Amino acid sequence: MIRRLPASFGYCAVFSALCAGAVCGLYFGDVRLTMDELFEMLRLGPFGVTEEAVKHSVVWSLRMPRVLAAAMTGAVLACGGVIFQAVLRNPLAEPYTLGVASGAAFGASAAIFFGVGFITESAFAGSMGALFLVWMLGGRKDGDISGTILAGVIVGSILGAALTLLKAIAGERLSAMVMWMMGSFAAARWSDVLPLLSALSIVLLLSGFYARELDIMASGSDGKTLGIDVSRVCLILLGGVSFAVSLAVSRFGVIGFVGLVVPHLVRMLFGPGHRHLLPLSIAGGASLLCLADTLAKGWNELPAGVLTVLVGGPVFCFLLWRRN
Amino acid sequence: MLSVKNLSVALSGSAILKDVSLDAGSGRVTALLGPNGSGKSTLLKAILGVIKKTGGKIAFKDTDFASIDLKARARICSCVHQNVLFSSPYTVLEYVLMGRYPHLGSFDYYGLSDYRMAREMIKRVGLAGFEERIVTTLSGGEAARTAIAQALTQDSPVMLLDEPTAALDPRHSMIVSEIIGELAAEKRVVLMAVHDVNMALDCSDRLIFLKNGAVYKDMDSRDITGGILRDVYDIPWEILPVGNDGRRAAIPVRNLIGLKYAGEKTGGLIDAH
């Protein structure tokens with residue numbers, strides 16, 4: 001017999017956590033606000049006029065895009081993790097498996113090293129280049145994805161080595177590279193929200209359309225026997241998620257843990273069925289990164305990537321211990 | 001009727017199936033037999049569309065499989081695979097329910113009738129009460145029956161089985177044999193690849209022997225002789241009567257010298273007949 005929590009409880013919990021995370025993200029910061037002031041600013045909207053122009057600007061121009069960026073990045077990474085783990089039938093898979101994070105890190109570091117600016121663009125080009133290389137090296141027409149995973153690991157390793165080389169000779173630029181790679185939402189602006197919205201739309205569409213196929217692939221059933229064109233579905237899912245994740249990591253750096261552990265956490269509590277696993281992970285990833293970023297902000301702008309592990313890690317360990 | 005005409009399959013450049021033709025009729029159980037590597041599983045995979053054929057035609061009634069997509073093919077053909085692999089902790093009910101996937105529209109989700117059918121099939125394979133069990137905790141026999149229940153839930157007129165009783169004890173093998181008989185009685189085409197000659201004799205109407213990727217013999221199961229089995233498997237066999245109802249059992253006779261060296265020491269196998 002199974003002991004799973006009801007999905008309705010999960011929806012209440014994750015959406016409450018998301019609301020709490022968003023409110024905390026908007027409330028806490030260097031400029032102090034009362035809760036009444038915050039809700040007044042929210043009521044006024046982004047184009048409202050008030051005597052408290054500074055506070056209005058802090059809420060709507062700085063904190064709101066930051067909260068949205070953290071939430072959407074968390075959602076994209078968690079959803080990407082669910083999809084990768086199902087398609088690759090590997091609990092250790094994460095959205096960075098096909099080398100997009102290494103590519104983004106290399107692209108951003110190269111831009112910092114050569115001082116050319118365009119860090120986001122270079123990171124995105126790096127991640128797309130890595131993905132293209134992986135597909136060229138490991139993509140097979142018969143739908144066998146083991147070659148693709150191997151190519152992802154190899155390309156990731158090569159880019160990792162190249163990145164180490166860059167860091168070794170970076171001199172005073174090293175700290176900028178390291179800070180970028182740790183991931184942070186401190187510089188998030190409204191201009192980042194649109195690409196992230198596209199990334200979120202991609203993963204939401206994929207989750208809405210392919211939940212049943214993901215169940216079949218994750219269960220161990222033979223997808224082709226049940227009528228799934230496995231190679232086409234894999235290509236769409238892995239390619240789509242990698243592209244969406246590239247849009248996120250190229251802006252805010254490599255944020256680990258969310259894509260790997262949030263899906264496991266949700267699966268452990270609410271079961272492996274993708275009909276609920278996907279939306280719960282999306283909301284779970286969004287709330288975790290929102291809370292982690294709020295903590296990061298209050299902790300002298302520590303990288304959010306470090307805090308996601310510090311916030312989510314102990315919870316995961318506790319659940320693992322309880323389950324065993 | 002499922003009809004396979006001049007089917008050829010090559011993997012990595014080497015021919016696995018050569019010009020295989022067979023017809024499997026509705027309401028009958030057809031068993032595919034042959035030594036390891038003879039192409040039984042490959043034939044089933046080619047019918048399912050899991051591997052591509054290099055030549056020939058596969059059709060059910062008037063439907064040429066080349067003209068329909070995988071989902072339409074899955075509504076015609078279901079399959080119980082040899083190795084059942086569970087890689088996620090779904091419940092038995094959730095796993096069996098996935099058999100309804102080929103019948104869903106692009107944006108549909110499993111409905112009440114799908115759940116009802118899944119529960120019915122779980123009961124049919126003797127797993128009533130297991131609906132909420134996690135599949136990764138099942139024994140080999142329970143896992144095999146869960147896979148059979150998923151294929152039954154697919155509700156297809158053609159059912160392919162690849163070693164359906166390989167992981168089962170005699171009692172559960174007999175239950176599966178009975179289910180296979182029921183499937184044929186429901187006017188389905190049942191085509192199963194088996195190594196267990198006695199299971200094939202027990203529950204099939206027709207035997208098709210494959211050897212080296214080609215049909216070696218296509219015959220009524222009542223006409224089986226030790227000589228045919230010896231020719232197919234290269235070991236001596238005896239066919240013995242069982243009970244008083246005409247059933248027979250096939251027993252491979254072990255050569256006392258040992259199979260591995262028999263050819264070297266005697267210049268050939270000892271014939272038990």
# chains A, B, ... in the order shown; residues from 1 in each chain; ligands from 1
$ select_by_dssp --residues "region 5-185 of chain B" --states "alpha helix (DSSP H)" --output "PyMOL selection string"
chain B and resi 40-48+70-76+92-97+112-124+140-153+170-185
$ interface_residues --of "chain A" --to "chain B" --cutoff "12 Å" --atoms "only C-alpha atoms" --output "PyMOL selection string"
chain A and resi 1-4+85-91+141-144+205+207-232+264+267-275
$ select_by_dssp --residues "region 7-135 of chain B" --states "strand (DSSP E or B)" --output "compact mmCIF listing (two decimals) with C-alpha atoms, in the first residue's frame"
# COMPACT_ATOMS: atom_id res chain seq x y z
CA LEU B 7 9.16 -9.72 -44.13
CA SER B 8 12.85 -8.94 -43.95
CA VAL B 9 14.67 -7.17 -41.14
CA ALA B 10 18.34 -6.28 -40.98
CA LEU B 11 20.13 -4.86 -37.96
CA SER B 14 23.16 -8.32 -40.96
CA ALA B 15 19.89 -10.00 -41.89
CA ILE B 16 17.89 -11.06 -38.82
CA LEU B 17 14.68 -12.04 -40.63
CA LYS B 18 14.69 -13.31 -44.21
CA ASP B 19 11.54 -13.38 -46.24
CA VAL B 20 9.26 -14.43 -43.39
CA SER B 21 5.60 -15.00 -44.27
CA LEU B 22 2.87 -16.10 -41.93
CA ASP B 23 -0.81 -15.65 -41.22
CA ALA B 24 -2.18 -15.61 -37.68
CA ARG B 28 -6.47 -18.93 -32.60
CA VAL B 29 -3.27 -18.99 -30.62
CA THR B 30 -0.16 -19.14 -32.76
CA ALA B 31 3.14 -19.92 -31.11
CA LEU B 32 6.49 -18.84 -32.49
CA LEU B 33 9.23 -21.26 -31.53
CA GLY B 55 11.17 -5.35 -46.90
CA GLY B 56 7.79 -7.04 -46.95
CA LYS B 57 4.35 -6.17 -45.71
CA ILE B 58 2.50 -6.45 -42.40
CA ALA B 59 -1.26 -6.03 -42.36
CA PHE B 60 -4.27 -6.65 -40.12
CA THR B 63 -5.02 -2.23 -42.85
CA ASP B 64 -1.44 -2.09 -44.06
CA CYS B 77 -1.51 -4.54 -31.56
CA SER B 78 -0.57 -4.81 -27.89
CA CYS B 79 2.44 -6.62 -26.58
CA VAL B 80 3.70 -8.20 -23.39
CA THR B 91 0.89 1.94 -8.37
CA ILE B 134 3.83 0.09 -5.82
$ residues_around --residues "Leu320 (chain A)" --least-positions-apart "2" --cutoff "12 Å" --atoms "only C-alpha atoms" --output "list of chain:residue names"
A:Val261, A:His264, A:Leu265, A:Val266, A:Arg267, A:Met268, A:Leu269, A:Gly313, A:Pro314, A:Val315, A:Phe316, A:Cys317, A:Phe318, A:Arg322, A:Arg323, A:Asn324
$ write_last_selection --atoms "C-alpha atoms" --output "short mmCIF file (atom, residue, chain, number, x, y, z; two decimals), in the first residue's frame"
data_model
loop_
_atom_site.label_atom_id
_atom_site.label_comp_id
_atom_site.auth_asym_id
_atom_site.auth_seq_id
_atom_site.Cartn_x
_atom_site.Cartn_y
_atom_site.Cartn_z
CA VAL A 261 15.85 17.89 -5.93
CA HIS A 264 12.31 14.23 -6.13
CA LEU A 265 10.81 16.04 -3.18
CA VAL A 266 7.42 16.35 -4.86
CA ARG A 267 7.54 12.78 -6.17
CA MET A 268 8.35 11.48 -2.71
CA LEU A 269 5.40 13.30 -1.15
CA GLY A 313 18.84 20.46 1.18
CA PRO A 314 17.95 19.89 4.84
CA VAL A 315 14.24 19.51 3.99
CA PHE A 316 15.12 16.87 1.40
CA CYS A 317 17.44 15.05 3.82
CA PHE A 318 14.70 15.03 6.47
CA ARG A 322 11.66 9.73 7.23
CA ARG A 323 11.03 7.58 4.16
CA ASN A 324 13.83 5.17 4.98
#
$ residues_around --residues "Gly45 (chain A)" --least-positions-apart "5" --cutoff "10 Å" --atoms "only C-alpha atoms" --output "PyMOL selection string"
chain A and resi 39-40+56+59-60
$ write_last_selection --atoms "N, CA and C atoms" --output "compact mmCIF listing (two decimals), in the first residue's frame"
# COMPACT_ATOMS: atom_id res chain seq x y z
N PHE A 39 1.37 46.85 0.26
CA PHE A 39 0.10 46.55 -0.41
C PHE A 39 -0.46 47.78 -1.14
N GLU A 40 -0.18 48.96 -0.59
CA GLU A 40 -0.61 50.19 -1.25
C GLU A 40 0.11 50.34 -2.60
N HIS A 56 7.76 53.30 -4.36
CA HIS A 56 7.04 52.75 -5.50
C HIS A 56 8.02 52.20 -6.54
N VAL A 59 9.66 48.96 -5.25
CA VAL A 59 8.78 47.79 -5.35
C VAL A 59 8.60 47.36 -6.81
N TRP A 60 8.27 48.33 -7.67
CA TRP A 60 7.90 47.96 -9.04
C TRP A 60 9.07 47.84 -10.02
$ residues_around --residues "region 232-235 of chain B" --least-positions-apart "5" --cutoff "7 Å" --atoms "only C-alpha atoms" --output "list in words"
Gly34, Pro35, Lys211, Pro252 and Leu269 of chain B
$ residues_around --residues "Gly253 (chain A)" --least-positions-apart "3" --cutoff "12 Å" --atoms "only C-alpha atoms" --output "number ranges by chain"
A: 70, 73, 100-109, 119-120, 122-124, 127, 176-188, 245-250, 256, 303-306
$ residues_around --residues "Val194 (chain B)" --least-positions-apart "3" --cutoff "10 Å" --atoms "only C-alpha atoms" --output "list in words"
Ala31, Leu32, Leu33, Gly34, Pro35, Lys40, Ser41, Gln82, Leu161, Asp162, Glu163, Pro164, Thr165, Ala166, Leu191, Val197, Asn198, Met199 and Ala200 of chain B
$ write_last_selection --atoms "N, CA and C atoms" --output "mmCIF file, in the first residue's frame"
data_model
loop_
_atom_site.group_PDB
_atom_site.id
_atom_site.type_symbol
_atom_site.label_atom_id
_atom_site.label_comp_id
_atom_site.auth_asym_id
_atom_site.auth_seq_id
_atom_site.Cartn_x
_atom_site.Cartn_y
_atom_site.Cartn_z
ATOM 1 N N ALA B 31 1.891 -20.016 -31.871
ATOM 2 C CA ALA B 31 3.144 -19.925 -31.107
ATOM 3 C C ALA B 31 4.333 -19.864 -32.052
ATOM 4 N N LEU B 32 5.243 -18.943 -31.732
ATOM 5 C CA LEU B 32 6.491 -18.844 -32.492
ATOM 6 C C LEU B 32 7.569 -19.540 -31.680
ATOM 7 N N LEU B 33 8.192 -20.533 -32.260
ATOM 8 C CA LEU B 33 9.229 -21.257 -31.529
ATOM 9 C C LEU B 33 10.524 -21.233 -32.325
ATOM 10 N N GLY B 34 11.597 -21.511 -31.639
ATOM 11 C CA GLY B 34 12.891 -21.560 -32.321
ATOM 12 C C GLY B 34 13.999 -21.297 -31.332
ATOM 13 N N PRO B 35 15.208 -21.675 -31.705
ATOM 14 C CA PRO B 35 16.324 -21.462 -30.770
ATOM 15 C C PRO B 35 16.631 -19.987 -30.564
ATOM 16 N N LYS B 40 12.568 -14.641 -33.257
ATOM 17 C CA LYS B 40 11.188 -14.588 -32.725
ATOM 18 C C LYS B 40 10.843 -13.186 -32.210
ATOM 19 N N SER B 41 11.704 -12.687 -31.290
ATOM 20 C CA SER B 41 11.425 -11.364 -30.704
ATOM 21 C C SER B 41 11.512 -10.274 -31.770
ATOM 22 N N GLN B 82 9.220 -9.411 -22.905
ATOM 23 C CA GLN B 82 9.918 -10.443 -22.144
ATOM 24 C C GLN B 82 10.434 -9.916 -20.802
ATOM 25 N N LEU B 161 2.793 -11.716 -27.524
ATOM 26 C CA LEU B 161 3.376 -12.029 -26.212
ATOM 27 C C LEU B 161 4.780 -12.580 -26.423
ATOM 28 N N ASP B 162 5.742 -11.963 -25.759
ATOM 29 C CA ASP B 162 7.118 -12.412 -25.875
ATOM 30 C C ASP B 162 7.506 -13.084 -24.563
ATOM 31 N N GLU B 163 7.553 -14.399 -24.575
ATOM 32 C CA GLU B 163 7.859 -15.172 -23.362
ATOM 33 C C GLU B 163 6.996 -14.727 -22.169
ATOM 34 N N PRO B 164 5.682 -14.849 -22.273
ATOM 35 C CA PRO B 164 4.825 -14.305 -21.209
ATOM 36 C C PRO B 164 4.949 -15.029 -19.879
ATOM 37 N N THR B 165 5.450 -16.275 -19.898
ATOM 38 C CA THR B 165 5.500 -17.029 -18.632
ATOM 39 C C THR B 165 6.931 -17.257 -18.152
ATOM 40 N N ALA B 166 7.875 -16.553 -18.758
ATOM 41 C CA ALA B 166 9.281 -16.809 -18.420
ATOM 42 C C ALA B 166 9.573 -16.617 -16.934
ATOM 43 N N LEU B 191 -0.442 -14.085 -30.907
ATOM 44 C CA LEU B 191 0.825 -14.573 -31.457
ATOM 45 C C LEU B 191 1.854 -14.472 -30.344
ATOM 46 N N VAL B 197 8.281 -25.277 -24.988
ATOM 47 C CA VAL B 197 7.547 -26.044 -26.002
ATOM 48 C C VAL B 197 6.240 -26.587 -25.415
ATOM 49 N N ASN B 198 6.294 -26.994 -24.152
ATOM 50 C CA ASN B 198 5.087 -27.569 -23.549
ATOM 51 C C ASN B 198 3.983 -26.536 -23.375
ATOM 52 N N MET B 199 4.385 -25.303 -23.067
ATOM 53 C CA MET B 199 3.379 -24.248 -22.970
ATOM 54 C C MET B 199 2.743 -24.032 -24.351
ATOM 55 N N ALA B 200 3.604 -24.055 -25.381
ATOM 56 C CA ALA B 200 3.098 -23.878 -26.745
ATOM 57 C C ALA B 200 2.144 -25.012 -27.112
#
$ atom_distance --atom1 "CA of Asp205 (chain B)" --atom2 "CA of Arg222 (chain B)"
7.9 Å
$ atom_distance --atom1 "CA of Gly139 (chain A)" --atom2 "CA of Ala151 (chain A)"
8.7 Å
